[in-house]
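Here the structure is laid out as structure tokens; the discussion comes afterwards.
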Amino acid sequence: MMRPSEGHPRIVLALVIAIALLPVNCGPGGEIGGALLAERLGSLENMIDLRLKEAIDSGDYYIEKAAREARIAAKTLAWEFQDERNLLFRDADNIVQQAILHLEQQVNTLSGQVDEIIEIRELAYLDLQNLANVVLPADTYVLTSLHGFSQFYSSDGRPYRFRLVGNPFQIGGDTRIRIRIDGHEPANLRVTRANMMEFSLPATSLAKKFNNINTVRVPFELTVDRRAPKRWYRKNPEWKRIYEYADPEGVLLLPKYPARVVIEEIYAEPYIDTDELKSLETTIRVGASGKKCKNDDHSCARSCVNCKVACIDLPEGAQLVRSKAWEIDVKYGKVKSHNKGGRKSGPICAHVANWRDSKSATFGYKIDFYPQSSRTTTRPLVFVAVDRENLETVQRASENWIRFGDQYEVTFDPKRFRSYNLAFELFTKEKIWLSMGATDERIRLIPDFGTAELKRLRFVLNP
């Protein structure tokens, strides 16, 4: 790697460190030691690598992002201070010491923040937090941000977009920039404005690298060469390497199916409430028979007896306890028969008879029953992918895994449905709980409860 300049504008280095994305507080720390500057810088890079490994092992993408940008800062220090690398640390310039101590302090604080959980939207924001408008001298080059550190799987064929921020990227001039991501070299590099370059990769270039439920890290490489303008005294100027950076795991590919979902329906469970006895009554008037019966044979089959049926509808789901019919206003009427047993719905009837030849009879009829009541309970339900053409998505949905942007649906019991609970566990270890009526900007809910025959919910995980 060639040195960008013979001097090192040290006052700028504090800015270089300050723009590194590290969620820490600054403060004094460290002692001026007798180690060589090269050893101190080597130890610093080892510290960063250790914090990076801890973050990767714990799935803490926020700390991983911070540690990777700390590596950029550390490599910049090593580049700028290579002339002093054989000096004792205590003999180095004070600005050199303070720059290294400052970065060491910030890297040390990363240890206490490993295992913290970060939401998906914050992970996406990390790529934008570092866009600092810092004007650096032309002879000091540093990459300050990689927007596109984390990439969602492109299920619709859209390209993967990246943006690099740093002062190696200038409009005009004779510059040669080379970028490789997992061996792919984008051809559409565009310096859209000073200090910013954008490019994209086709969806097919990285599609096979994505894992269904695990994150994948792929290498990122950047080199920038520049040559001075041609002059009469400099007809063939040489190319000069002004910046290079490589990270074997510099781009994070997020899982194709980044969330697992469990759905519970809260529904009404019917049961017989034996603590409450209810009754229903009715009356029925039976006309006179007009004839007298002989031999006291008063069966309904005889023409001298007028019989009618009195019925009461037992409410649906209720449990019949007893039924009773009785004569109200005459002593000649009789209850001939009625239903008995454990019926739970439908008409409960009694036959009543009047054998008087000249006077009507009135009867009362009553049923006692235990009513049906309901209590809420929960049960797990299966959801399906709305797009049934994608067999992989259908299969993953059957295993409770969902993908960004796809629609999924679940159908509830239309008569007994009361509410629902949705539990999402994201690949970042964050859990999202949603009940009926709740919202979350990462989850788009599309309810369809419009008719008595349909209770359905569709949902989408937003990237």
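Lettering and numbering for the structure tokens are positional, with chains as A, B, ... in the shown order, residues counted from 1 in each chain, and ligands counted from 1 in the shown order.
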Give me the residues near region 204-212 of chain A as JSON, numbers by chain, where near means some atom within 9 Å (using only C-alpha atoms) and where sequence neighbours in that chain fewer than 5 positions away do not count. {"A": [153, 154, 155, 157, 159, 160, 182, 184, 217, 218, 253, 254, 255, 256, 257, 258, 396]}
Excluding same-chain residues fewer than 6 positions from Arg416 (chain A), what lies within 9 Å of it counting only C-alpha atoms, as a ChimeraX atom specification? /A:266-270
CA of Tyr420 (chain A) to CA of Glu453 (chain A) measures 17.2 Å
Taking only C-alpha atoms into account, produce a table as CSV in which each residue of region 350-411 of chain A with an atom at most 7 Å from an atom of region 290-306 of chain A appears once, together with its shortest atom pair and the distance in Å to one decimal, ordered by chain and rising number.
residue,atom,partner,partner_atom,distance
A:Ala353,CA,A:Asn306,CA,5.6
A:Asn354,CA,A:Asn306,CA,5.2
A:Trp355,CA,A:Val305,CA,4.5
A:Arg356,CA,A:Lys292,CA,6.8
A:Asp357,CA,A:Gly290,CA,3.8
A:Ser358,CA,A:Gly290,CA,5.9
Could you take the residues named above and write them with N, CA, C and O atoms, as a compact mmCIF listing (two decimals), in the first residue's frame?
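Here's the written file result03.txt:
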# COMPACT_ATOMS: atom_id res chain seq x y z
N ALA A 353 -104.50 -32.50 27.58
CA ALA A 353 -105.79 -33.00 27.09
C ALA A 353 -106.95 -32.41 27.90
O ALA A 353 -106.84 -32.23 29.11
N ASN A 354 -108.04 -32.13 27.20
CA ASN A 354 -109.27 -31.67 27.85
C ASN A 354 -110.41 -32.57 27.38
O ASN A 354 -110.66 -32.69 26.19
N TRP A 355 -111.11 -33.23 28.33
CA TRP A 355 -112.22 -34.10 27.96
C TRP A 355 -113.57 -33.58 28.45
O TRP A 355 -114.55 -34.29 28.47
N ARG A 356 -113.59 -32.30 28.84
CA ARG A 356 -114.88 -31.71 29.17
C ARG A 356 -115.63 -31.39 27.88
O ARG A 356 -115.04 -30.97 26.90
N ASP A 357 -116.92 -31.56 27.91
CA ASP A 357 -117.68 -31.37 26.68
C ASP A 357 -118.19 -29.95 26.50
O ASP A 357 -118.70 -29.59 25.43
N SER A 358 -118.02 -29.08 27.55
CA SER A 358 -118.62 -27.76 27.41
C SER A 358 -117.74 -26.62 27.88
O SER A 358 -118.15 -25.46 27.84
Using only C-alpha atoms, which residue out of A:Ser200, A:Ser345, A:Thr411, A:Ser435 lies closest to Leu454 (chain A)? A:Thr411
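The smallest atom-to-atom distance between Phe89 (chain A) and any of A:Leu36, A:Leu52, A:Val286, A:Ile312, using only C-alpha atoms, is found for A:Leu36.
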If you run DSSP on this backbone, which residues of region 222-310 of chain A come out as strand (DSSP E), and could you give them as a PyMOL selection string? chain A and resi 222-227+240-253+259-272+278-286+306-310
Write the selection just made, keeping N, CA and C atoms, as a tab-separated table (two decimals), in the first residue's frame?
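In the end it all went to result_14.tsv:
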chain	number	residue	atom	x	y	z
A	222	LEU	N	-11.99	-2.30	-1.51
A	222	LEU	CA	-12.01	-0.99	-2.18
A	222	LEU	C	-10.59	-0.53	-2.44
A	223	THR	N	-10.31	-0.11	-3.65
A	223	THR	CA	-9.04	0.54	-3.96
A	223	THR	C	-9.33	1.79	-4.79
A	224	VAL	N	-8.55	2.84	-4.54
A	224	VAL	CA	-8.70	4.10	-5.28
A	224	VAL	C	-7.31	4.52	-5.75
A	225	ASP	N	-7.16	4.65	-7.06
A	225	ASP	CA	-5.92	5.13	-7.66
A	225	ASP	C	-6.19	6.47	-8.34
A	226	ARG	N	-5.17	7.32	-8.31
A	226	ARG	CA	-5.33	8.63	-8.94
A	226	ARG	C	-4.01	9.01	-9.59
A	227	ARG	N	-4.10	9.80	-10.66
A	227	ARG	CA	-2.88	10.31	-11.26
A	227	ARG	C	-3.05	11.80	-11.57
A	240	LYS	N	-1.21	6.48	-8.85
A	240	LYS	CA	-0.77	6.41	-7.47
A	240	LYS	C	-1.93	5.91	-6.60
A	241	ARG	N	-1.67	4.88	-5.80
A	241	ARG	CA	-2.69	4.34	-4.90
A	241	ARG	C	-2.88	5.32	-3.74
A	242	ILE	N	-4.08	5.91	-3.65
A	242	ILE	CA	-4.33	6.88	-2.58
A	242	ILE	C	-5.15	6.29	-1.44
A	243	TYR	N	-5.85	5.15	-1.69
A	243	TYR	CA	-6.63	4.54	-0.60
A	243	TYR	C	-6.95	3.10	-0.95
A	244	GLU	N	-6.88	2.26	0.05
A	244	GLU	CA	-7.35	0.89	-0.12
A	244	GLU	C	-7.83	0.36	1.22
A	245	TYR	N	-8.85	-0.46	1.13
A	245	TYR	CA	-9.43	-1.05	2.35
A	245	TYR	C	-10.05	-2.38	1.98
A	246	ALA	N	-9.89	-3.37	2.84
A	246	ALA	CA	-10.47	-4.69	2.61
A	246	ALA	C	-10.97	-5.25	3.93
A	247	ASP	N	-12.15	-5.83	3.89
A	247	ASP	CA	-12.72	-6.49	5.06
A	247	ASP	C	-13.28	-7.82	4.57
A	248	PRO	N	-12.78	-8.95	5.08
A	248	PRO	CA	-13.24	-10.26	4.59
A	248	PRO	C	-14.70	-10.54	4.92
A	249	GLU	N	-15.29	-9.76	5.83
A	249	GLU	CA	-16.71	-9.96	6.16
A	249	GLU	C	-17.42	-8.60	6.18
A	250	GLY	N	-17.12	-7.77	5.21
A	250	GLY	CA	-17.54	-6.38	5.27
A	250	GLY	C	-18.98	-6.08	4.95
A	251	VAL	N	-19.72	-7.03	4.35
A	251	VAL	CA	-21.13	-6.79	4.02
A	251	VAL	C	-21.97	-7.91	4.64
A	252	LEU	N	-23.04	-7.51	5.29
A	252	LEU	CA	-23.90	-8.44	6.02
A	252	LEU	C	-25.15	-8.73	5.19
A	253	LEU	N	-25.38	-10.00	4.87
A	253	LEU	CA	-26.59	-10.42	4.17
A	253	LEU	C	-27.56	-10.98	5.20
A	259	ALA	N	-37.83	-13.75	10.38
A	259	ALA	CA	-38.69	-13.73	11.57
A	259	ALA	C	-39.48	-15.03	11.66
A	260	ARG	N	-39.67	-15.45	12.90
A	260	ARG	CA	-40.52	-16.61	13.17
A	260	ARG	C	-41.78	-16.11	13.88
A	261	VAL	N	-42.93	-16.66	13.50
A	261	VAL	CA	-44.20	-16.14	13.99
A	261	VAL	C	-45.02	-17.25	14.62
A	262	VAL	N	-45.62	-16.94	15.76
A	262	VAL	CA	-46.59	-17.83	16.40
A	262	VAL	C	-47.89	-17.05	16.55
A	263	ILE	N	-49.00	-17.65	16.13
A	263	ILE	CA	-50.30	-16.98	16.19
A	263	ILE	C	-51.23	-17.77	17.10
A	264	GLU	N	-51.87	-17.05	18.02
A	264	GLU	CA	-52.86	-17.65	18.90
A	264	GLU	C	-54.21	-16.96	18.68
A	265	GLU	N	-55.25	-17.77	18.57
A	265	GLU	CA	-56.60	-17.22	18.51
A	265	GLU	C	-57.21	-17.27	19.91
A	266	ILE	N	-57.77	-16.16	20.32
A	266	ILE	CA	-58.55	-16.12	21.56
A	266	ILE	C	-60.00	-16.29	21.16
A	267	TYR	N	-60.63	-17.39	21.59
A	267	TYR	CA	-61.97	-17.69	21.12
A	267	TYR	C	-62.86	-18.10	22.30
A	268	ALA	N	-64.17	-18.09	22.06
A	268	ALA	CA	-65.15	-18.44	23.09
A	268	ALA	C	-65.30	-19.95	23.16
A	269	GLU	N	-65.11	-20.50	24.33
A	269	GLU	CA	-65.27	-21.93	24.55
A	269	GLU	C	-66.58	-22.16	25.29
A	270	PRO	N	-67.61	-22.77	24.64
A	270	PRO	CA	-68.91	-22.94	25.30
A	270	PRO	C	-68.86	-24.01	26.39
A	271	TYR	N	-69.66	-23.80	27.44
A	271	TYR	CA	-69.79	-24.80	28.49
A	271	TYR	C	-71.13	-24.59	29.19
A	272	ILE	N	-71.58	-25.59	29.93
A	272	ILE	CA	-72.84	-25.53	30.66
A	272	ILE	C	-72.59	-24.95	32.04
A	278	LYS	N	-82.10	-21.49	34.92
A	278	LYS	CA	-83.04	-20.59	34.27
A	278	LYS	C	-84.32	-21.34	33.91
A	279	SER	N	-85.40	-20.57	33.68
A	279	SER	CA	-86.69	-21.17	33.36
A	279	SER	C	-87.35	-20.40	32.22
A	280	LEU	N	-88.21	-21.11	31.47
A	280	LEU	CA	-89.07	-20.52	30.46
A	280	LEU	C	-90.46	-21.11	30.62
A	281	GLU	N	-91.51	-20.29	30.46
A	281	GLU	CA	-92.89	-20.74	30.64
A	281	GLU	C	-93.74	-20.32	29.45
A	282	THR	N	-94.84	-21.06	29.26
A	282	THR	CA	-95.85	-20.69	28.27
A	282	THR	C	-97.21	-21.23	28.74
A	283	THR	N	-98.27	-20.75	28.15
A	283	THR	CA	-99.61	-21.27	28.44
A	283	THR	C	-100.28	-21.67	27.13
A	284	ILE	N	-101.23	-22.58	27.22
A	284	ILE	CA	-101.97	-23.04	26.05
A	284	ILE	C	-103.42	-23.34	26.46
A	285	ARG	N	-104.35	-22.90	25.65
A	285	ARG	CA	-105.77	-23.12	25.94
A	285	ARG	C	-106.28	-24.23	25.03
A	286	VAL	N	-106.98	-25.22	25.64
A	286	VAL	CA	-107.48	-26.37	24.91
A	286	VAL	C	-109.02	-26.32	24.96
A	306	ASN	N	-109.93	-33.74	23.57
A	306	ASN	CA	-109.25	-32.74	22.72
A	306	ASN	C	-107.82	-32.57	23.24
A	307	CYS	N	-106.83	-32.93	22.44
A	307	CYS	CA	-105.41	-32.85	22.85
A	307	CYS	C	-104.69	-31.79	22.02
A	308	LYS	N	-103.76	-31.11	22.67
A	308	LYS	CA	-102.88	-30.17	22.00
A	308	LYS	C	-101.46	-30.36	22.52
A	309	VAL	N	-100.52	-29.82	21.74
A	309	VAL	CA	-99.11	-29.91	22.11
A	309	VAL	C	-98.62	-28.53	22.51
A	310	ALA	N	-98.03	-28.42	23.71
A	310	ALA	CA	-97.41	-27.17	24.18
A	310	ALA	C	-95.89	-27.34	24.08
Which one is closest to Asp174 (chain A): A:Arg90, A:Val107, A:Arg190, A:Trp239? Count only C-alpha atoms.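 Closest residue, counting only C-alpha atoms: A:Trp239.
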Quick one: residues within 12 Å of Asp368 (chain A), only C-alpha atoms, excluding same-chain residues fewer than 4 positions away - as a list in words?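 Contacts, with the query itself left out: Thr274, Glu276, Leu277, Lys278, Ser279, Leu280, Glu281, Ile312, Asp313, Leu314, Pro315, Ala318, Gln319, Leu320, Val321, Arg322, Ser323, Lys324, Ala325, Lys340, Gly341, Gly342, Arg343, Lys344 and Ile348 of chain A.
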Please determine, counting only C-alpha atoms, which residue among A:Ile48, A:Asn86, A:Ile56, A:Gly172 has the shortest atom-to-atom distance to Asn214 (chain A). A:Ile56
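Here the question is which of A:Glu238, A:Glu84, A:Glu392, A:Asp440 gets nearest to Gln97 (chain A) using only C-alpha atoms, and that residue is A:Glu84.
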